[in-house]
$ cat protein36.pdb   # PDB, C-alpha atoms, pLDDT in the B column
MODEL        1
ATOM      1  CA  MET Y  30       7.752  89.684  50.213  1.00 76.00           C
ATOM      2  CA  ASN Y  31       9.325  88.500  53.445  1.00 83.00           C
ATOM      3  CA  LEU Y  32      12.689  87.874  51.765  1.00 81.00           C
ATOM      4  CA  PRO Y  33      16.091  88.477  53.333  1.00 83.00           C
ATOM      5  CA  MET Y  34      18.092  91.546  52.349  1.00 88.00           C
ATOM      6  CA  SER Y  35      21.785  92.294  52.660  1.00 91.00           C
ATOM      7  CA  TYR Y  36      23.829  95.341  51.785  1.00 88.00           C
ATOM      8  CA  ILE Y  37      27.146  94.910  49.974  1.00 91.00           C
ATOM      9  CA  ARG Y  38      29.628  97.731  50.421  1.00 84.00           C
ATOM     10  CA  ASP Y  39      32.106  98.781  47.750  1.00 78.00           C
ATOM     11  CA  LYS Y  40      34.862  98.078  50.294  1.00 70.00           C
ATOM     12  CA  ALA Y  41      34.977  96.725  53.825  1.00 64.00           C
ATOM     13  CA  LYS Y  42      34.370  99.246  56.585  1.00 58.00           C
ATOM     14  CA  GLY Y  43      37.500 100.524  58.274  1.00 59.00           C
ATOM     15  CA  HIS Y  44      35.993 100.200  61.739  1.00 59.00           C
ATOM     16  CA  GLY Y  45      33.732  97.939  63.796  1.00 57.00           C
ATOM     17  CA  LYS Y  46      33.429  94.453  62.318  1.00 60.00           C
ATOM     18  CA  GLU Y  47      34.975  95.691  59.040  1.00 61.00           C
ATOM     19  CA  ASN Y  48      32.229  93.895  57.077  1.00 75.00           C
ATOM     20  CA  LEU Y  49      31.977  93.968  53.320  1.00 83.00           C
ATOM     21  CA  ILE Y  50      28.487  92.485  53.577  1.00 88.00           C
ATOM     22  CA  GLU Y  51      25.948  93.790  56.085  1.00 88.00           C
ATOM     23  CA  GLY Y  52      23.231  91.259  56.756  1.00 89.00           C
ATOM     24  CA  ILE Y  53      23.297  87.525  56.303  1.00 88.00           C
ATOM     25  CA  ILE Y  54      24.210  85.678  53.130  1.00 92.00           C
ATOM     26  CA  LYS Y  55      24.347  81.933  53.651  1.00 93.00           C
ATOM     27  CA  PRO Y  56      26.395  79.441  51.632  1.00 95.00           C
ATOM     28  CA  GLY Y  57      24.280  77.989  48.839  1.00 96.00           C
ATOM     29  CA  GLN Y  58      21.781  80.853  48.988  1.00 95.00           C
ATOM     30  CA  LYS Y  59      20.570  82.262  45.668  1.00 95.00           C
ATOM     31  CA  VAL Y  60      21.002  86.039  45.467  1.00 96.00           C
ATOM     32  CA  VAL Y  61      19.778  88.793  43.147  1.00 96.00           C
ATOM     33  CA  VAL Y  62      21.942  91.930  43.240  1.00 96.00           C
ATOM     34  CA  ILE Y  63      19.901  95.127  42.846  1.00 96.00           C
ATOM     35  CA  GLU Y  64      21.494  98.339  41.577  1.00 96.00           C
ATOM     36  CA  ASP Y  65      20.221 101.790  40.745  1.00 96.00           C
ATOM     37  CA  LEU Y  66      22.482 102.502  37.756  1.00 97.00           C
ATOM     38  CA  ILE Y  67      24.752 100.453  35.522  1.00 98.00           C
ATOM     39  CA  SER Y  68      27.448 102.280  33.607  1.00 96.00           C
ATOM     40  CA  THR Y  69      30.511 100.021  33.243  1.00 95.00           C
ATOM     41  CA  GLY Y  70      29.154  97.337  35.572  1.00 96.00           C
ATOM     42  CA  GLY Y  71      32.271  97.295  37.741  1.00 96.00           C
ATOM     43  CA  SER Y  72      30.668  97.889  41.125  1.00 94.00           C
ATOM     44  CA  SER Y  73      27.792  95.506  40.401  1.00 96.00           C
ATOM     45  CA  LEU Y  74      30.131  92.716  39.366  1.00 97.00           C
ATOM     46  CA  LYS Y  75      32.260  93.378  42.448  1.00 95.00           C
ATOM     47  CA  ALA Y  76      29.114  92.935  44.567  1.00 95.00           C
ATOM     48  CA  ALA Y  77      28.295  89.702  42.723  1.00 96.00           C
ATOM     49  CA  GLN Y  78      31.828  88.485  43.416  1.00 95.00           C
ATOM     50  CA  ALA Y  79      31.388  89.263  47.126  1.00 93.00           C
ATOM     51  CA  VAL Y  80      28.239  87.119  47.027  1.00 95.00           C
ATOM     52  CA  LYS Y  81      30.245  84.279  45.453  1.00 95.00           C
ATOM     53  CA  ASP Y  82      33.033  84.735  47.996  1.00 93.00           C
ATOM     54  CA  ALA Y  83      30.405  84.321  50.744  1.00 93.00           C
ATOM     55  CA  GLY Y  84      29.493  80.949  49.209  1.00 96.00           C
ATOM     56  CA  ALA Y  85      26.202  82.054  47.666  1.00 96.00           C
ATOM     57  CA  GLU Y  86      25.097  82.107  44.041  1.00 97.00           C
ATOM     58  CA  PRO Y  87      24.430  85.442  42.296  1.00 97.00           C
ATOM     59  CA  LEU Y  88      21.572  84.693  39.879  1.00 97.00           C
ATOM     60  CA  ALA Y  89      21.492  88.086  38.176  1.00 98.00           C
ATOM     61  CA  VAL Y  90      21.920  91.818  38.562  1.00 98.00           C
ATOM     62  CA  LEU Y  91      18.754  93.901  38.278  1.00 98.00           C
ATOM     63  CA  ALA Y  92      19.008  97.658  37.771  1.00 98.00           C
ATOM     64  CA  ILE Y  93      16.711 100.621  37.457  1.00 98.00           C
ATOM     65  CA  PHE Y  94      18.703 102.078  34.542  1.00 98.00           C
ATOM     66  CA  SER Y  95      21.543 101.008  32.283  1.00 98.00           C
ATOM     67  CA  TYR Y  96      23.573 103.108  29.873  1.00 97.00           C
ATOM     68  CA  GLN Y  97      24.060  99.920  27.800  1.00 96.00           C
ATOM     69  CA  LEU Y  98      27.771 100.634  27.477  1.00 96.00           C
ATOM     70  CA  ASP Y  99      29.660  97.984  25.519  1.00 93.00           C
ATOM     71  CA  LYS Y 100      32.112  97.659  28.404  1.00 94.00           C
ATOM     72  CA  ALA Y 101      29.297  96.626  30.762  1.00 96.00           C
ATOM     73  CA  VAL Y 102      27.684  94.259  28.270  1.00 96.00           C
ATOM     74  CA  GLN Y 103      31.031  92.531  27.763  1.00 96.00           C
ATOM     75  CA  ALA Y 104      31.857  92.424  31.490  1.00 97.00           C
ATOM     76  CA  PHE Y 105      28.528  90.800  32.401  1.00 98.00           C
ATOM     77  CA  ALA Y 106      28.890  88.292  29.576  1.00 97.00           C
ATOM     78  CA  GLU Y 107      32.424  87.382  30.704  1.00 97.00           C
ATOM     79  CA  ALA Y 108      31.212  87.002  34.309  1.00 96.00           C
ATOM     80  CA  ASN Y 109      28.280  84.883  33.067  1.00 97.00           C
ATOM     81  CA  ILE Y 110      25.856  86.960  35.150  1.00 97.00           C
ATOM     82  CA  PRO Y 111      22.617  88.121  33.534  1.00 98.00           C
ATOM     83  CA  LEU Y 112      21.814  91.839  33.656  1.00 98.00           C
ATOM     84  CA  GLN Y 113      18.293  93.217  33.364  1.00 98.00           C
ATOM     85  CA  SER Y 114      17.224  96.835  33.747  1.00 98.00           C
ATOM     86  CA  LEU Y 115      13.847  98.524  34.023  1.00 98.00           C
ATOM     87  CA  SER Y 116      14.939 101.168  31.542  1.00 98.00           C
ATOM     88  CA  ASN Y 117      17.983 102.007  29.478  1.00 98.00           C
ATOM     89  CA  TYR Y 118      19.735 104.619  27.396  1.00 97.00           C
ATOM     90  CA  GLY Y 119      18.111 103.531  24.142  1.00 97.00           C
ATOM     91  CA  ALA Y 120      14.630 103.805  25.631  1.00 98.00           C
ATOM     92  CA  LEU Y 121      15.505 107.218  27.082  1.00 98.00           C
ATOM     93  CA  ILE Y 122      16.526 108.464  23.640  1.00 97.00           C
ATOM     94  CA  ASP Y 123      13.326 107.047  22.090  1.00 97.00           C
ATOM     95  CA  VAL Y 124      11.086 108.751  24.659  1.00 97.00           C
ATOM     96  CA  ALA Y 125      13.004 112.034  24.493  1.00 97.00           C
ATOM     97  CA  LEU Y 126      12.614 112.007  20.701  1.00 97.00           C
ATOM     98  CA  SER Y 127       8.916 111.091  20.774  1.00 97.00           C
ATOM     99  CA  GLU Y 128       8.226 113.869  23.305  1.00 97.00           C
ATOM    100  CA  ASN Y 129      10.216 116.421  21.258  1.00 96.00           C
ATOM    101  CA  ARG Y 130      12.779 116.898  24.023  1.00 97.00           C
ATOM    102  CA  ILE Y 131      15.497 116.220  21.462  1.00 97.00           C
ATOM    103  CA  GLN Y 132      15.587 116.431  17.681  1.00 96.00           C
ATOM    104  CA  GLU Y 133      16.287 113.638  15.208  1.00 95.00           C
ATOM    105  CA  ALA Y 134      19.635 115.334  14.504  1.00 93.00           C
ATOM    106  CA  ASP Y 135      20.624 114.778  18.170  1.00 96.00           C
ATOM    107  CA  VAL Y 136      20.138 111.003  18.081  1.00 96.00           C
ATOM    108  CA  ALA Y 137      23.352 110.185  16.197  1.00 95.00           C
ATOM    109  CA  LEU Y 138      25.411 112.246  18.645  1.00 95.00           C
ATOM    110  CA  LEU Y 139      23.765 110.580  21.656  1.00 96.00           C
ATOM    111  CA  GLN Y 140      24.295 107.132  20.160  1.00 95.00           C
ATOM    112  CA  SER Y 141      27.934 107.903  19.401  1.00 94.00           C
ATOM    113  CA  TRP Y 142      28.434 108.873  23.067  1.00 94.00           C
ATOM    114  CA  ARG Y 143      27.043 105.513  24.136  1.00 93.00           C
ATOM    115  CA  ALA Y 144      29.347 103.720  21.706  1.00 91.00           C
ATOM    116  CA  ASN Y 145      32.437 105.597  22.938  1.00 90.00           C
ATOM    117  CA  PRO Y 146      31.983 107.837  26.013  1.00 90.00           C
ATOM    118  CA  ALA Y 147      35.757 108.331  26.327  1.00 90.00           C
ATOM    119  CA  SER Y 148      35.800 110.247  23.056  1.00 89.00           C
ATOM    120  CA  PHE Y 149      33.643 112.875  24.778  1.00 88.00           C
ATOM    121  CA  GLY Y 150      35.987 113.239  27.729  1.00 76.00           C
ATOM    122  CA  ALA Y 151      33.969 110.894  29.991  1.00 58.00           C
TER
ENDMDL
END
$ encode --input "protein36.pdb" --output "structure tokens"
Amino acid sequence: MNLPMSYIRDKAKGHGKENLIEGIIKPGQKVVVIEDLISTGGSSLKAAQAVKDAGAEPLAVLAIFSYQLDKAVQAFAEANIPLQSLSNYGALIDVALSENRIQEADVALLQSWRANPASFGA
């Protein structure tokens, strides 16, 4: 694709140049943040903020998988940053059910975890 790529750390390195961003992000540049997994969205939104702080514009966060937690949905909405994922928790449940990896009786429990993971000790 011949597009530039940068790596955004969760915190600046404690040695060398102490960079938060490795690679080049130019002011005014449009950036898509790519993540593997979205749970609460905190680290992804922190990366998007680092992009903003560098003077660029985060267009969206793209992820491989999202748990679709309400906390993440709300955080992305408040930050006004679109989130798209290739797959998500709801799709995982649907496939697991259709392939008989779980039973219909398990679905309500799995959905209640997604609605409130803290009630399960998460």
$ atom_distance --input "protein36.pdb" --atom1 "atom CA of Val62 of chain Y" --atom2 "atom CA of Leu91 of chain Y"
6.2 Å
$ atom_distance --input "protein36.pdb" --atom1 "atom CA of Ile50 of chain Y" --atom2 "atom CA of Val102 of chain Y"
25.4 Å
$ closest_residue --input "protein36.pdb" --among "Y:Val80, Y:Ser116, Y:Tyr96, Y:Arg143" --to "Ile37 of chain Y" --atoms "only C-alpha atoms"
Y:Val80
$ residues_around --input "protein36.pdb" --residues "Ser95 of chain Y" --least-positions-apart "6" --cutoff "7 Å" --atoms "only C-alpha atoms" --output "list in words"
Leu66, Ile67, Ser68, Ser114, Ser116, Asn117 and Tyr118 of chain Y
$ resolve_selection --input "protein36.pdb" --expression "the PyMOL selection byres ((chain Y and resi 108) around 12)" --output "list in words"
Gly70, Gly71, Ser73, Leu74, Lys75, Ala77, Gln78, Lys81, Pro87, Leu88, Ala89, Val90, Ala101, Val102, Gln103, Ala104, Phe105, Ala106, Glu107, Asn109, Ile110, Pro111 and Leu112 of chain Y
$ closest_residue --input "protein36.pdb" --among "Y:Glu64, Y:Ala79, Y:Ala144, Y:Asp135" --to "Gln97 of chain Y" --atoms "all atoms listed in the file"
Y:Ala144
$ residues_near_point --input "protein36.pdb" --point "(15.7, 97.7, 34.0)" --cutoff "6 Å" --atoms "all atoms listed in the file" --output "PDB file with C-alpha atoms, in the coordinates of the input"
ATOM      1  CA  ALA Y  92      19.008  97.658  37.771  1.00 98.00           C
ATOM      2  CA  ILE Y  93      16.711 100.621  37.457  1.00 98.00           C
ATOM      3  CA  PHE Y  94      18.703 102.078  34.542  1.00 98.00           C
ATOM      4  CA  GLN Y 113      18.293  93.217  33.364  1.00 98.00           C
ATOM      5  CA  SER Y 114      17.224  96.835  33.747  1.00 98.00           C
ATOM      6  CA  LEU Y 115      13.847  98.524  34.023  1.00 98.00           C
ATOM      7  CA  SER Y 116      14.939 101.168  31.542  1.00 98.00           C
TER       8      SER Y 116
END
$ atom_distance --input "protein36.pdb" --atom1 "atom CA of Asp99 of chain Y" --atom2 "atom CA of Asp123 of chain Y"
19.0 Å
$ resolve_selection --input "protein36.pdb" --expression "the PyMOL selection byres ((chain Y and resi 57) around 10)" --output "MDAnalysis selection string"
chainID Y and resid 54:56 58:60 81 83:87
$ axis_aligned_box --input "protein36.pdb" --around "segment 58-70 of chain Y" --padding-each-side "6 Å" --output "lines of an AutoDock Vina configuration file"
center_x = 25.1
center_y = 91.7
center_z = 41.1
size_x = 22.7
size_y = 33.6
size_z = 27.7
$ closest_residue --input "protein36.pdb" --among "Y:Lys40, Y:Glu51, Y:Leu139, Y:Asp65" --to "Leu126 of chain Y" --atoms "all atoms listed in the file"
Y:Leu139
$ closest_residue --input "protein36.pdb" --among "Y:Asn48, Y:Asp82, Y:Leu98, Y:Met34" --to "Val61 of chain Y" --atoms "only C-alpha atoms"
Y:Met34
$ closest_residue --input "protein36.pdb" --among "Y:Asn129, Y:Gly52, Y:Ile122, Y:Gly150" --to "Arg38 of chain Y" --atoms "only C-alpha atoms"
Y:Gly52
$ closest_residue --input "protein36.pdb" --among "Y:Gln132, Y:Ser35, Y:Ser148, Y:Gln140" --to "Gly119 of chain Y" --atoms "only C-alpha atoms"
Y:Gln140
